[in-house]
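Visitor: protein00.cif is the file, holding mmCIF, C-alpha atoms:
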```cif
data_input
#
loop_
_atom_site.label_atom_id
_atom_site.label_comp_id
_atom_site.auth_asym_id
_atom_site.auth_seq_id
_atom_site.Cartn_x
_atom_site.Cartn_y
_atom_site.Cartn_z
CA MET R 1 -10.20 109.22 92.83
CA GLU R 2 -12.56 112.15 93.32
CA ASP R 3 -12.90 111.20 97.01
CA LEU R 4 -9.18 111.67 97.48
CA PHE R 5 -9.28 115.19 96.08
CA ALA R 6 -12.35 115.99 98.12
CA GLN R 7 -10.50 115.39 101.37
CA ASN R 8 -8.45 118.60 101.05
CA PRO R 9 -10.46 121.05 98.88
CA ALA R 10 -8.64 124.08 100.18
CA ALA R 11 -5.16 122.67 100.17
CA PRO R 12 -2.67 125.04 98.67
CA GLN R 13 -0.91 122.19 96.78
CA MET R 14 -1.72 118.71 95.38
CA PRO R 15 -1.57 115.83 97.91
CA GLU R 16 0.99 113.00 97.67
CA PHE R 17 0.02 109.35 97.29
CA THR R 18 2.02 106.16 97.39
CA VAL R 19 2.13 103.83 94.38
CA SER R 20 0.11 101.25 96.27
CA GLU R 21 -2.57 103.83 97.13
CA ILE R 22 -2.90 104.89 93.51
CA SER R 23 -3.00 101.22 92.35
CA TYR R 24 -5.66 100.38 94.93
CA GLU R 25 -7.88 103.34 93.96
CA ILE R 26 -7.56 102.43 90.25
CA LYS R 27 -8.41 98.78 91.02
CA ARG R 28 -11.45 99.82 93.08
CA CYS R 29 -12.65 102.17 90.40
CA VAL R 30 -12.25 99.65 87.58
CA GLU R 31 -13.82 96.74 89.42
CA THR R 32 -16.74 98.95 90.52
CA SER R 33 -17.43 100.21 87.01
CA PHE R 34 -16.83 96.86 85.24
CA ASN R 35 -17.89 94.34 87.87
CA ARG R 36 -19.80 92.20 85.34
CA VAL R 37 -19.21 92.51 81.59
CA ARG R 38 -19.62 90.46 78.42
CA VAL R 39 -16.80 90.86 75.95
CA ARG R 40 -16.79 89.61 72.37
CA GLY R 41 -13.46 88.99 70.68
CA GLU R 42 -11.08 86.58 68.99
CA ILE R 43 -8.76 84.51 71.16
CA PHE R 44 -5.09 85.19 70.60
CA GLY R 45 -2.00 83.77 72.36
CA ALA R 46 -3.90 81.24 74.49
CA LYS R 47 -1.66 79.13 76.72
CA LYS R 48 -2.19 76.87 79.69
CA ALA R 49 0.14 77.32 82.66
CA ASP R 50 1.47 74.41 84.73
CA SER R 51 -0.89 75.53 87.49
CA GLY R 52 -3.88 74.82 85.22
CA HIS R 53 -4.77 78.49 84.67
CA TRP R 54 -5.30 79.81 81.15
CA TYR R 55 -3.84 83.10 79.94
CA LEU R 56 -5.03 84.62 76.67
CA THR R 57 -5.86 87.83 74.83
CA LEU R 58 -9.18 88.88 73.34
CA LYS R 59 -8.81 91.17 70.33
CA ASP R 60 -10.77 92.85 67.61
CA ASP R 61 -9.68 95.09 64.78
CA ASN R 62 -8.68 98.04 67.01
CA ALA R 63 -7.77 96.82 70.50
CA ALA R 64 -6.68 93.88 72.66
CA LEU R 65 -7.70 92.84 76.16
CA SER R 66 -5.70 90.49 78.39
CA ALA R 67 -7.71 87.77 80.07
CA VAL R 68 -7.24 84.94 82.53
CA ILE R 69 -9.30 81.82 83.28
CA TRP R 70 -8.65 80.28 86.66
CA ARG R 71 -8.17 76.50 86.78
CA GLY R 72 -11.49 75.72 88.47
CA VAL R 73 -13.41 77.69 85.87
CA ALA R 74 -11.41 76.27 82.93
CA GLN R 75 -12.33 72.69 83.85
CA SER R 76 -16.04 73.45 83.47
CA LEU R 77 -15.95 75.47 80.27
CA PRO R 78 -17.86 73.90 77.36
CA VAL R 79 -15.20 74.92 74.85
CA LYS R 80 -11.43 74.80 75.08
CA PRO R 81 -9.62 78.16 74.50
CA GLU R 82 -7.95 78.12 71.12
CA ASP R 83 -6.31 80.75 68.96
CA GLY R 84 -8.57 82.13 66.23
CA LEU R 85 -11.78 81.16 68.00
CA GLU R 86 -14.28 84.03 68.34
CA VAL R 87 -15.97 83.87 71.74
CA ILE R 88 -18.17 85.82 74.13
CA ALA R 89 -16.49 85.91 77.54
CA THR R 90 -18.31 86.93 80.70
CA GLY R 91 -16.46 88.12 83.82
CA LYS R 92 -15.09 91.17 85.56
CA ILE R 93 -12.34 93.64 84.76
CA THR R 94 -9.57 93.84 87.34
CA THR R 95 -6.13 95.36 87.52
CA PHE R 96 -2.76 93.75 88.05
CA ALA R 97 -0.71 96.16 90.11
CA GLY R 98 2.53 94.30 89.53
CA LYS R 99 2.52 95.26 85.86
CA SER R 100 0.25 98.32 85.95
CA SER R 101 -2.16 96.48 83.63
CA TYR R 102 -5.74 95.44 83.60
CA GLN R 103 -7.31 92.13 82.54
CA LEU R 104 -10.58 90.28 82.22
CA VAL R 105 -11.16 87.46 84.70
CA ILE R 106 -13.40 85.12 82.75
CA ASP R 107 -16.17 83.22 84.55
CA THR R 108 -17.93 81.75 81.51
CA MET R 109 -17.13 81.60 77.83
CA GLU R 110 -19.13 80.56 74.79
CA VAL R 111 -18.51 80.50 71.08
CA ALA R 112 -19.69 83.64 69.35
CA GLY R 113 -22.03 81.96 66.90
CA THR R 114 -21.87 78.81 64.83
CA GLY R 115 -20.00 80.58 62.05
CA ALA R 116 -16.86 80.90 64.14
CA LEU R 117 -16.85 77.22 65.00
CA LEU R 118 -17.44 76.24 61.39
CA LYS R 119 -14.50 78.42 60.33
CA LEU R 120 -12.27 76.80 62.94
CA LEU R 121 -13.54 73.37 61.90
CA GLU R 122 -12.65 74.03 58.27
CA GLU R 123 -9.16 75.23 59.21
CA ARG R 124 -8.51 72.11 61.30
CA LYS R 125 -9.82 69.93 58.51
CA LYS R 126 -7.30 71.41 56.08
CA VAL R 127 -4.41 70.91 58.52
CA PHE R 128 -5.28 67.26 59.24
CA ALA R 129 -5.89 66.50 55.56
CA ALA R 130 -2.49 67.96 54.68
CA GLU R 131 -0.89 65.55 57.18
CA GLY R 132 -2.60 62.61 55.47
CA LEU R 133 -4.79 61.69 58.43
CA PHE R 134 -7.84 61.39 56.17
CA ASP R 135 -6.20 59.35 53.37
CA ALA R 136 -8.18 56.35 52.17
CA ALA R 137 -5.00 54.23 52.12
CA HIS R 138 -4.99 54.34 55.91
CA LYS R 139 -8.51 52.99 56.25
CA LYS R 140 -8.74 49.50 57.76
CA PRO R 141 -11.42 47.02 56.65
CA LEU R 142 -14.10 46.10 59.15
CA PRO R 143 -14.20 42.46 60.32
CA PHE R 144 -17.04 40.47 58.79
CA LEU R 145 -18.18 38.86 62.03
CA PRO R 146 -16.54 40.39 65.14
CA GLN R 147 -16.63 38.40 68.35
CA THR R 148 -16.12 41.44 70.58
CA ILE R 149 -17.26 45.03 69.96
CA GLY R 150 -15.82 47.94 71.94
CA VAL R 151 -17.97 51.02 72.52
CA VAL R 152 -16.83 54.50 73.59
CA THR R 153 -19.80 56.59 74.72
CA SER R 154 -21.69 57.69 77.80
CA ALA R 155 -22.88 54.93 80.11
CA SER R 156 -26.25 56.66 80.46
CA GLY R 157 -28.51 57.68 77.65
CA ALA R 158 -30.14 56.08 74.67
CA VAL R 159 -26.97 55.63 72.57
CA ILE R 160 -25.54 52.60 74.35
CA ARG R 161 -28.99 51.01 74.67
CA ASP R 162 -29.64 51.45 70.94
CA ILE R 163 -26.31 49.85 70.07
CA ILE R 164 -26.88 46.89 72.42
CA HIS R 165 -30.41 46.25 71.16
CA ARG R 166 -29.38 46.54 67.52
CA VAL R 167 -26.44 44.15 67.89
CA ARG R 168 -28.62 41.71 69.81
CA ASP R 169 -31.27 41.77 67.09
CA ARG R 170 -28.82 41.29 64.21
CA PHE R 171 -26.10 38.97 65.51
CA PRO R 172 -25.46 38.71 69.28
CA SER R 173 -21.82 39.57 70.11
CA HIS R 174 -19.84 40.54 73.20
CA ILE R 175 -19.92 44.29 73.87
CA LEU R 176 -17.33 46.06 76.04
CA LEU R 177 -18.05 49.64 77.13
CA ILE R 178 -15.62 52.23 78.43
CA PRO R 179 -17.95 54.97 79.69
CA THR R 180 -16.79 58.48 78.86
CA PRO R 181 -18.35 61.93 78.89
CA VAL R 182 -19.21 63.02 75.35
CA GLN R 183 -19.40 66.81 75.86
CA GLY R 184 -17.97 69.50 78.08
CA GLU R 185 -14.51 70.17 79.43
CA GLY R 186 -12.18 67.15 79.34
CA ALA R 187 -14.53 65.03 77.21
CA ALA R 188 -12.14 64.95 74.24
CA GLU R 189 -9.18 63.80 76.35
CA LYS R 190 -11.23 61.03 77.95
CA VAL R 191 -12.57 59.81 74.60
CA ALA R 192 -9.02 59.71 73.23
CA GLN R 193 -7.81 57.83 76.33
CA ALA R 194 -10.63 55.28 75.99
CA ILE R 195 -9.60 54.56 72.39
CA LYS R 196 -5.97 54.05 73.52
CA ASP R 197 -7.09 51.79 76.39
CA PHE R 198 -9.08 49.59 74.03
CA ASN R 199 -6.00 49.15 71.82
CA ARG R 200 -4.00 47.80 74.75
CA LEU R 201 -6.84 46.11 76.61
CA ASP R 202 -5.23 42.66 76.42
CA GLU R 203 -2.14 44.10 78.12
CA ILE R 204 -3.86 45.91 81.00
CA SER R 205 -6.71 43.46 81.71
CA ASP R 206 -7.91 39.91 81.21
CA TYR R 207 -10.39 40.97 78.54
CA PRO R 208 -9.58 40.31 74.88
CA LYS R 209 -8.95 43.26 72.60
CA PRO R 210 -12.10 44.13 70.59
CA ASP R 211 -12.29 43.36 66.88
CA VAL R 212 -13.97 46.70 66.12
CA LEU R 213 -14.68 49.96 68.00
CA ILE R 214 -17.74 52.22 67.91
CA VAL R 215 -17.29 55.85 69.01
CA ALA R 216 -20.76 57.34 69.35
CA ARG R 217 -22.95 59.99 70.85
CA GLY R 218 -26.42 61.37 70.14
CA GLY R 219 -27.34 64.58 68.38
CA GLY R 220 -26.68 68.09 69.67
CA SER R 221 -25.42 71.50 68.75
CA LEU R 222 -22.03 72.06 67.18
CA GLU R 223 -20.74 73.16 70.57
CA ASP R 224 -21.96 69.91 72.13
CA LEU R 225 -20.32 67.80 69.43
CA TRP R 226 -17.09 69.80 69.45
CA PRO R 227 -14.99 67.26 71.50
CA PHE R 228 -15.04 64.99 68.43
CA ASN R 229 -13.25 67.71 66.46
CA GLU R 230 -10.39 68.00 68.96
CA GLU R 231 -6.86 67.07 67.87
CA CYS R 232 -6.32 64.47 70.62
CA VAL R 233 -9.37 62.48 69.46
CA ILE R 234 -8.42 62.71 65.78
CA ARG R 235 -4.87 61.45 66.41
CA ALA R 236 -6.05 58.67 68.74
CA VAL R 237 -8.42 57.40 66.03
CA TYR R 238 -5.68 57.61 63.40
CA ALA R 239 -3.21 55.67 65.59
CA SER R 240 -5.70 52.93 66.50
CA ASN R 241 -4.87 49.42 65.34
CA ILE R 242 -8.52 48.43 65.76
CA PRO R 243 -10.98 49.48 63.02
CA ILE R 244 -13.19 52.32 64.24
CA ILE R 245 -16.78 53.21 63.29
CA SER R 246 -17.74 56.81 64.11
CA ALA R 247 -21.38 57.64 64.86
CA VAL R 248 -21.54 61.19 66.21
CA GLY R 249 -24.73 63.27 66.05
CA HIS R 250 -27.40 63.00 63.42
CA GLU R 251 -26.97 62.02 59.79
CA THR R 252 -26.46 65.65 58.73
CA ASP R 253 -23.72 66.25 61.35
CA THR R 254 -20.20 65.67 60.11
CA MET R 255 -17.33 65.92 62.57
CA LEU R 256 -13.60 65.56 61.93
CA ILE R 257 -13.69 62.10 63.54
CA ASP R 258 -15.88 60.99 60.63
CA TYR R 259 -13.06 61.77 58.17
CA VAL R 260 -10.34 59.90 60.07
CA SER R 261 -12.38 56.87 61.17
CA ASP R 262 -12.44 53.71 59.08
CA LYS R 263 -16.23 53.88 58.63
CA ARG R 264 -18.77 56.64 59.24
CA ALA R 265 -22.27 55.72 60.39
CA PRO R 266 -25.14 58.21 60.19
CA THR R 267 -26.39 57.22 63.66
CA PRO R 268 -25.30 54.98 66.57
CA THR R 269 -27.89 52.44 65.41
CA GLY R 270 -26.34 52.53 61.95
CA ALA R 271 -22.92 51.87 63.53
CA ALA R 272 -24.28 48.66 65.08
CA GLU R 273 -25.61 47.64 61.66
CA PHE R 274 -22.16 48.19 60.11
CA ALA R 275 -20.49 46.25 62.92
CA VAL R 276 -22.40 42.95 62.59
CA PRO R 277 -24.41 41.29 59.82
CA VAL R 278 -27.95 39.98 60.18
CA ARG R 279 -27.87 36.42 61.47
CA ALA R 280 -31.10 35.42 59.70
CA GLU R 281 -29.74 36.71 56.40
CA LEU R 282 -26.54 34.74 56.91
CA GLN R 283 -28.54 31.60 57.65
CA THR R 284 -30.62 32.12 54.52
CA MET R 285 -27.48 32.67 52.46
CA VAL R 286 -25.84 29.55 53.91
CA ASN R 287 -28.97 27.50 53.21
CA ASN R 288 -29.05 28.76 49.62
CA LEU R 289 -25.38 27.97 49.15
CA ASP R 290 -25.88 24.53 50.70
CA ALA R 291 -28.76 23.79 48.32
CA ARG R 292 -26.71 25.00 45.35
CA LEU R 293 -23.80 22.83 46.46
CA LYS R 294 -25.97 19.73 46.79
CA ASN R 295 -27.59 20.33 43.39
CA GLY R 296 -24.20 20.87 41.83
CA ILE R 297 -22.85 17.65 43.32
CA LEU R 298 -25.93 15.74 42.17
CA ARG R 299 -25.59 17.10 38.63
CA TYR R 300 -21.89 16.31 38.58
CA PHE R 301 -22.34 12.67 39.58
CA THR R 302 -25.28 12.29 37.19
CA GLU R 303 -23.14 13.55 34.32
CA GLN R 304 -20.25 11.30 35.33
CA GLN R 305 -22.62 8.30 35.52
CA ASN R 306 -23.90 9.05 32.01
CA ILE R 307 -20.34 9.31 30.73
CA LEU R 308 -19.44 6.03 32.41
CA THR R 309 -22.50 4.32 30.90
CA GLY R 310 -21.55 5.57 27.43
CA LEU R 311 -18.00 4.34 27.83
CA GLY R 312 -19.31 0.96 29.04
CA ARG R 313 -21.06 0.39 25.73
CA GLY R 314 -17.75 0.34 23.90
CA ILE R 315 -16.10 -2.19 26.24
CA PRO R 316 -15.96 -5.86 24.94
CA ASN R 317 -17.50 -8.76 26.85
CA LEU R 318 -15.80 -8.77 30.18
CA GLU R 319 -16.27 -12.51 30.75
CA GLN R 320 -14.63 -13.33 27.45
CA ILE R 321 -11.70 -11.06 28.22
CA LEU R 322 -11.28 -12.73 31.59
CA GLN R 323 -11.42 -16.25 30.13
CA GLU R 324 -8.71 -15.46 27.61
CA ALA R 325 -6.63 -13.89 30.32
CA ILE R 326 -7.14 -16.95 32.59
CA GLN R 327 -6.12 -19.29 29.76
CA LYS R 328 -2.99 -17.30 29.10
CA PHE R 329 -2.27 -17.32 32.81
CA ASP R 330 -2.60 -21.12 33.01
CA ASP R 331 -0.31 -21.49 30.00
CA ARG R 332 2.28 -19.25 31.62
CA ILE R 333 2.11 -21.27 34.84
CA GLU R 334 2.64 -24.54 32.99
CA ARG R 335 5.54 -23.10 31.05
CA LEU R 336 6.96 -21.80 34.26
CA HIS R 337 6.83 -25.24 35.90
CA THR R 338 8.53 -26.82 32.87
CA ALA R 339 11.19 -24.15 32.78
CA PHE R 340 11.80 -24.59 36.49
CA LYS R 341 12.23 -28.36 36.12
CA ASN R 342 14.62 -27.87 33.21
CA PHE R 343 16.51 -25.35 35.23
CA LEU R 344 16.91 -27.77 38.16
CA LEU R 345 17.95 -30.59 35.79
CA GLY R 346 20.60 -28.36 34.24
CA LYS R 347 21.92 -27.42 37.62
CA ASN R 348 22.08 -31.10 38.67
CA ASN R 349 24.08 -31.91 35.51
CA GLN R 350 26.45 -29.05 36.23
CA LEU R 351 26.86 -30.30 39.78
CA ALA R 352 27.65 -33.85 38.55
CA LEU R 353 30.16 -32.42 36.10
CA CYS R 354 31.76 -30.49 38.95
CA ASN R 355 32.05 -33.73 40.97
CA LEU R 356 33.69 -35.47 37.96
CA ARG R 357 36.18 -32.66 37.52
CA PRO R 358 37.66 -33.05 41.04
CA PHE R 359 38.21 -36.74 40.24
CA TYR R 360 40.16 -35.83 37.09
CA ILE R 361 42.11 -33.22 39.01
CA LYS R 362 43.03 -35.79 41.66
CA ASN R 363 44.41 -38.19 39.02
CA ILE R 364 46.43 -35.40 37.43
CA VAL R 365 47.86 -34.39 40.79
CA GLU R 366 48.87 -37.98 41.55
CA LYS R 367 50.57 -38.34 38.16
CA LYS R 368 52.39 -35.06 38.65
CA GLN R 369 53.52 -36.14 42.10
CA GLU R 370 54.84 -39.42 40.65
CA SER R 371 56.74 -37.54 37.89
CA LEU R 372 58.15 -35.19 40.50
CA SER R 373 59.39 -38.16 42.59
CA ASN R 374 61.11 -39.63 39.51
CA LEU R 375 62.77 -36.32 38.76
CA LEU R 376 63.97 -36.03 42.34
CA ALA R 377 65.45 -39.54 42.14
CA ARG R 378 67.23 -38.74 38.88
CA LEU R 379 68.47 -35.45 40.31
CA SER R 380 69.84 -37.24 43.37
CA SER R 381 71.68 -39.78 41.15
CA VAL R 382 73.66 -37.03 39.43
CA SER R 383 74.41 -34.94 42.51
CA VAL R 384 78.03 -34.29 43.60
CA ASP R 385 77.83 -36.63 46.54
CA ALA R 386 76.40 -39.47 44.43
CA VAL R 387 79.14 -39.04 41.80
CA LEU R 388 81.90 -38.95 44.43
CA ALA R 389 80.36 -42.00 46.15
CA ARG R 390 80.74 -43.95 42.91
CA GLY R 391 84.59 -43.48 43.12
CA PHE R 392 85.08 -40.27 41.19
CA ALA R 393 87.26 -37.38 42.44
CA TRP R 394 86.90 -33.62 41.94
CA VAL R 395 90.10 -31.68 41.17
CA LYS R 396 90.24 -27.88 41.65
CA ASP R 397 93.10 -25.37 41.38
CA ASP R 398 94.15 -22.76 43.88
CA LYS R 399 91.42 -20.44 42.55
CA GLY R 400 88.70 -23.03 43.11
CA GLN R 401 88.24 -23.66 39.38
CA THR R 402 87.61 -27.25 38.21
CA ILE R 403 90.57 -28.95 36.44
CA TYR R 404 89.49 -30.88 33.35
CA ASN R 405 92.87 -32.06 31.89
CA SER R 406 96.53 -32.61 32.78
CA SER R 407 97.84 -29.49 31.06
CA ALA R 408 95.62 -27.37 33.24
CA ALA R 409 96.80 -29.35 36.29
CA GLN R 410 100.49 -28.64 35.44
CA GLU R 411 99.85 -24.92 35.11
CA ALA R 412 98.07 -24.63 38.49
CA LYS R 413 100.13 -23.60 41.51
CA SER R 414 98.29 -26.02 43.75
CA LEU R 415 95.64 -28.67 43.40
CA GLU R 416 92.80 -29.78 45.65
CA ILE R 417 91.49 -33.31 45.13
CA ILE R 418 88.07 -33.97 46.69
CA PHE R 419 86.88 -37.55 47.43
CA ALA R 420 83.71 -38.84 49.00
CA ASP R 421 85.37 -39.11 52.42
CA GLY R 422 87.73 -36.09 52.30
CA SER R 423 90.15 -33.97 50.24
CA TYR R 424 93.93 -33.59 49.61
CA ARG R 425 96.09 -30.67 48.54
CA THR R 426 99.21 -31.09 46.32
CA SER R 427 101.47 -29.14 43.95
CA PRO R 428 102.45 -30.27 40.45
CA GLU R 429 106.20 -29.40 41.03
CA ALA R 430 106.54 -30.80 44.54
CA ASP R 431 106.20 -34.26 45.80
CA ILE R 432 102.73 -35.34 46.36
CA LYS R 433 102.07 -34.81 50.00
CA LYS R 434 99.16 -36.12 51.87
CA SER R 435 96.89 -33.35 52.94
CA HIS R 436 94.71 -33.35 55.93
CA PRO R 437 91.24 -34.66 55.20
CA THR R 438 88.54 -32.07 55.26
CA LYS R 439 84.86 -32.37 55.83
CA PRO R 440 82.89 -32.93 52.63
CA LYS R 441 80.97 -29.90 51.36
CA ASP R 442 77.33 -29.46 52.20
CA LYS R 443 75.04 -31.14 49.75
CA LYS R 444 73.13 -27.90 49.47
CA ASP R 445 76.14 -25.84 48.28
CA ASP R 446 74.84 -24.19 45.12
CA LYS R 447 78.33 -23.30 43.72
CA GLN R 448 79.63 -26.94 44.00
CA GLN R 449 76.58 -28.25 42.22
CA ILE R 450 76.97 -25.70 39.43
CA SER R 451 80.69 -26.55 39.05
CA LEU R 452 79.93 -30.27 39.08
CA PHE R 453 77.39 -29.85 36.27
CA ASP R 454 79.99 -27.82 34.37
CA PHE R 455 82.38 -30.81 34.79
#
```
Here is the file; what I need is its structure written in the form of structure tokens.
Guide:
Amino acid sequence: MEDLFAQNPAAPQMPEFTVSEISYEIKRCVETSFNRVRVRGEIFGAKKADSGHWYLTLKDDNAALSAVIWRGVAQSLPVKPEDGLEVIATGKITTFAGKSSYQLVIDTMEVAGTGALLKLLEERKKVFAAEGLFDAAHKKPLPFLPQTIGVVTSASGAVIRDIIHRVRDRFPSHILLIPTPVQGEGAAEKVAQAIKDFNRLDEISDYPKPDVLIVARGGGSLEDLWPFNEECVIRAVYASNIPIISAVGHETDTMLIDYVSDKRAPTPTGAAEFAVPVRAELQTMVNNLDARLKNGILRYFTEQQNILTGLGRGIPNLEQILQEAIQKFDDRIERLHTAFKNFLLGKNNQLALCNLRPFYIKNIVEKKQESLSNLLARLSSVSVDAVLARGFAWVKDDKGQTIYNSSAAQEAKSLEIIFADGSYRTSPEADIKKSHPTKPKDKKDDKQQISLFDF
């Protein structure tokens, strides 16, 4: 700025500058004076743009400073920008002419002491606990003897080798590893993704889904272990359907993943010990149980044999019991044969009686037929035709009624005299005239027979 005034020291009036010229001189002055600075402050209003850049504000009790972290730098930062986190940011101060503002372009950033991280850790712990992510009711039991163990850790280093050697020494099992970075930018997201991939491993590959997972890394500073306090890792562990053993850092290190996991191990080696039992101990236990089972069976049968022997003393002579039973059996057989013969004899007598009865029935039928023939002969002898054939005549009036005496004949208007070979009609007051012969009535005429019997 002083250079601009120095150009016209004797000018009678102040020079004019464009807005761009003023903005450029301010930018040059600021960037020259604050080309490399370290700023300590608390992060406020941190947000990640779609471009991958981070925009935030560093503040203290009296002032605030806008800051930006370009995408390439943000990917390599050891700690993720988060509101409330006190950090020491290193970079340069520059101006933004479009808004007449200045900001800190951050090149590196580190947590301002362990106390700030511990404070943030305690705040996160309270939030997750309030959501119920640490509740014991959500803990899943570990399988007694898993066939496949999934491991989320770095492919290089002593952690994976310790786990493999410990599992091999105790009870050899299949181990599947998804290698992930365990510190630095993006480590938390990759650990969370590995846990999700293990839970759907049978869907995305030909490998079976593990029976238990181990999430592990070796010791380090709180900053190094910080990915295992990130929200994405905590929620991935909580949502896992596979039981998870956490083994992060040393025994004295406690991360948020230890509260949400189903089992916390003090070390990666301890996680392997929780995952599988000792094969030799199982064999010893099985041998002891087998010996106890055999001894128990032997004692049981010995006791039962003693009981059976005691009961046998109170049983009578078996041979005598069998002889009496055989004698009774022979007697029953003999009685059965006799009864069967008597039964057959009775049936034969009944059959003979049945044969005799048809003979009696035949005689009765013949006698009844003879009586019936006699009755038919007698009935025929008294029929109308038989009576007329013997010379009798049948006299009826004009109404067809039988005439029994002369007074009735005189009262009738006309008379019909029926003979065996015909009939004649006459009147009591007129001369007897010969009537035309008529055909004799049918022998089966029911009314003539009834009238004849009445006569």
Visitor: So which residues touch Glu82 in chain R within 8 Å, counting only C-alpha atoms, skipping near sequence neighbours fewer than 5 positions away, as a list of chain:residue names?
Guide: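 Selected residues are R:Ile43, R:Phe44, R:Ala46.
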Visitor: Let me know the residues the PyMOL selection byres ((chain R and resi 36) around 10) catches in the file above, as a PyMOL selection string.
Guide: chain R and resi 31-35+37-39+90-93+104-107
Visitor: Mind giving me the straight-line distance from CA of Arg40 in chain R to CA of Val87 in chain R in Å, one decimal?
Guide: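 One can read the CA of Arg40 in chain R to CA of Val87 in chain R distance as 5.8 Å.
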Visitor: So that I can check the surroundings of range 121-132 of chain R, please list as a list in words every protein, DNA and RNA residue that reaches within 8 Å of it, counting all atoms listed in the file and ignoring chain neighbours fewer than 3 positions away.
Guide: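 My list of contacting residues is Leu117, Leu118, Asp135, Asn229 and Leu256 of chain R.
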Visitor: Evaluate the PyMOL selection byres ((chain R and resi 198) around 9) against this structure - the residues, as JSON, numbers by chain, please.
Guide: {"R": [150, 178, 193, 194, 195, 196, 197, 199, 200, 201, 202, 209, 210, 213, 240, 242]}
Visitor: To test your reading of the syntax: which residues would the PyMOL selection byres ((chain R and resi 64) around 12) return for the file shown? Reply as a tab-separated table (two decimals) with C-alpha atoms, keeping the file's coordinate frame.
Guide:
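Now in result_39.tsv:
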```tsv
chain	number	residue	atom	x	y	z
R	39	VAL	CA	-16.80	90.86	75.95
R	40	ARG	CA	-16.79	89.61	72.37
R	41	GLY	CA	-13.46	88.99	70.68
R	42	GLU	CA	-11.08	86.58	68.99
R	43	ILE	CA	-8.76	84.51	71.16
R	44	PHE	CA	-5.09	85.19	70.60
R	45	GLY	CA	-2.00	83.77	72.36
R	56	LEU	CA	-5.03	84.62	76.67
R	57	THR	CA	-5.86	87.83	74.83
R	58	LEU	CA	-9.18	88.88	73.34
R	59	LYS	CA	-8.81	91.17	70.33
R	60	ASP	CA	-10.77	92.85	67.61
R	61	ASP	CA	-9.68	95.09	64.78
R	62	ASN	CA	-8.68	98.04	67.01
R	63	ALA	CA	-7.77	96.82	70.50
R	65	LEU	CA	-7.70	92.84	76.16
R	66	SER	CA	-5.70	90.49	78.39
R	67	ALA	CA	-7.71	87.77	80.07
R	102	TYR	CA	-5.74	95.44	83.60
R	103	GLN	CA	-7.31	92.13	82.54
R	104	LEU	CA	-10.58	90.28	82.22
```
Visitor: Go ahead and compute the interatomic distance for CA of Leu225 in chain R and CA of Gly157 in chain R, in Å to one decimal.
Guide: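 So the answer is 15.4 Å.
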Visitor: Quick check, in Å to one decimal: how far apart do CA of Glu231 in chain R and CA of Ala136 in chain R lie?
Guide: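 Interatomic distance, CA of Glu231 in chain R to CA of Ala136 in chain R: 19.1 Å.
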Visitor: Pick from R:Gln323, R:Ala272, R:His337, R:Pro141: nearest to Asn241 in chain R, with all atoms listed in the file counted?
Guide: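 Comparing R:Gln323, R:Ala272, R:His337, R:Pro141 against Asn241 in chain R, the winner is R:Pro141.
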Visitor: For Phe392 in chain R, which residue out of R:Phe419, R:Lys368, R:Arg279, R:Gly312 is the nearest one, using only C-alpha atoms?
Guide: R:Phe419
Visitor: With distances taken over all atoms listed in the file, which of R:Ile160, R:Tyr259, R:Val151, R:Ala280 is nearest to Val215 in chain R?
Guide: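 Looking only at the distances to Val215 in chain R, the closest residue turns out to be R:Val151.
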Visitor: Closest to Glu86 in chain R among R:Lys140, R:Leu120, R:Ile244, R:Arg71, using all atoms listed in the file?
Guide: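 Of R:Lys140, R:Leu120, R:Ile244, R:Arg71, the one nearest Glu86 in chain R, counting all atoms listed in the file, is R:Leu120.
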Visitor: Between R:Val79, R:Leu356, R:Leu85, R:Ile163, which residue has the minimum interatomic distance to Trp226 in chain R, considering only C-alpha atoms?
Guide: R:Val79
Visitor: For Val276 in chain R, list every protein, DNA or RNA residue within 9 Å, evaluated using all atoms listed in the file, and leave out those in the same chain fewer than 6 positions away; present the list as an MDAnalysis selection string.
Guide: chainID R and resid 143:146 167 170:173
Visitor: Because some atoms of range 377-381 of chain R are absent here, can you restore N, CA, C and O atoms and send them as a short mmCIF file (atom, residue, chain, number, x, y, z; two decimals), keeping the file's coordinate frame?
Guide:
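Dumped everything to selection_18.cif:
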```
data_model
loop_
_atom_site.label_atom_id
_atom_site.label_comp_id
_atom_site.auth_asym_id
_atom_site.auth_seq_id
_atom_site.Cartn_x
_atom_site.Cartn_y
_atom_site.Cartn_z
N ALA R 377 64.53 -38.39 42.10
CA ALA R 377 65.45 -39.54 42.14
C ALA R 377 66.57 -39.38 41.13
O ALA R 377 67.75 -39.65 41.41
N ARG R 378 66.22 -38.95 39.92
CA ARG R 378 67.23 -38.74 38.88
C ARG R 378 68.19 -37.62 39.28
O ARG R 378 69.39 -37.70 39.03
N LEU R 379 67.61 -36.55 39.88
CA LEU R 379 68.47 -35.45 40.31
C LEU R 379 69.44 -35.91 41.39
O LEU R 379 70.62 -35.53 41.39
N SER R 380 68.97 -36.75 42.30
CA SER R 380 69.84 -37.24 43.37
C SER R 380 70.97 -38.12 42.81
O SER R 380 72.09 -38.13 43.32
N SER R 381 70.67 -38.88 41.73
CA SER R 381 71.68 -39.78 41.15
C SER R 381 72.82 -39.03 40.49
O SER R 381 73.92 -39.57 40.33
#
```
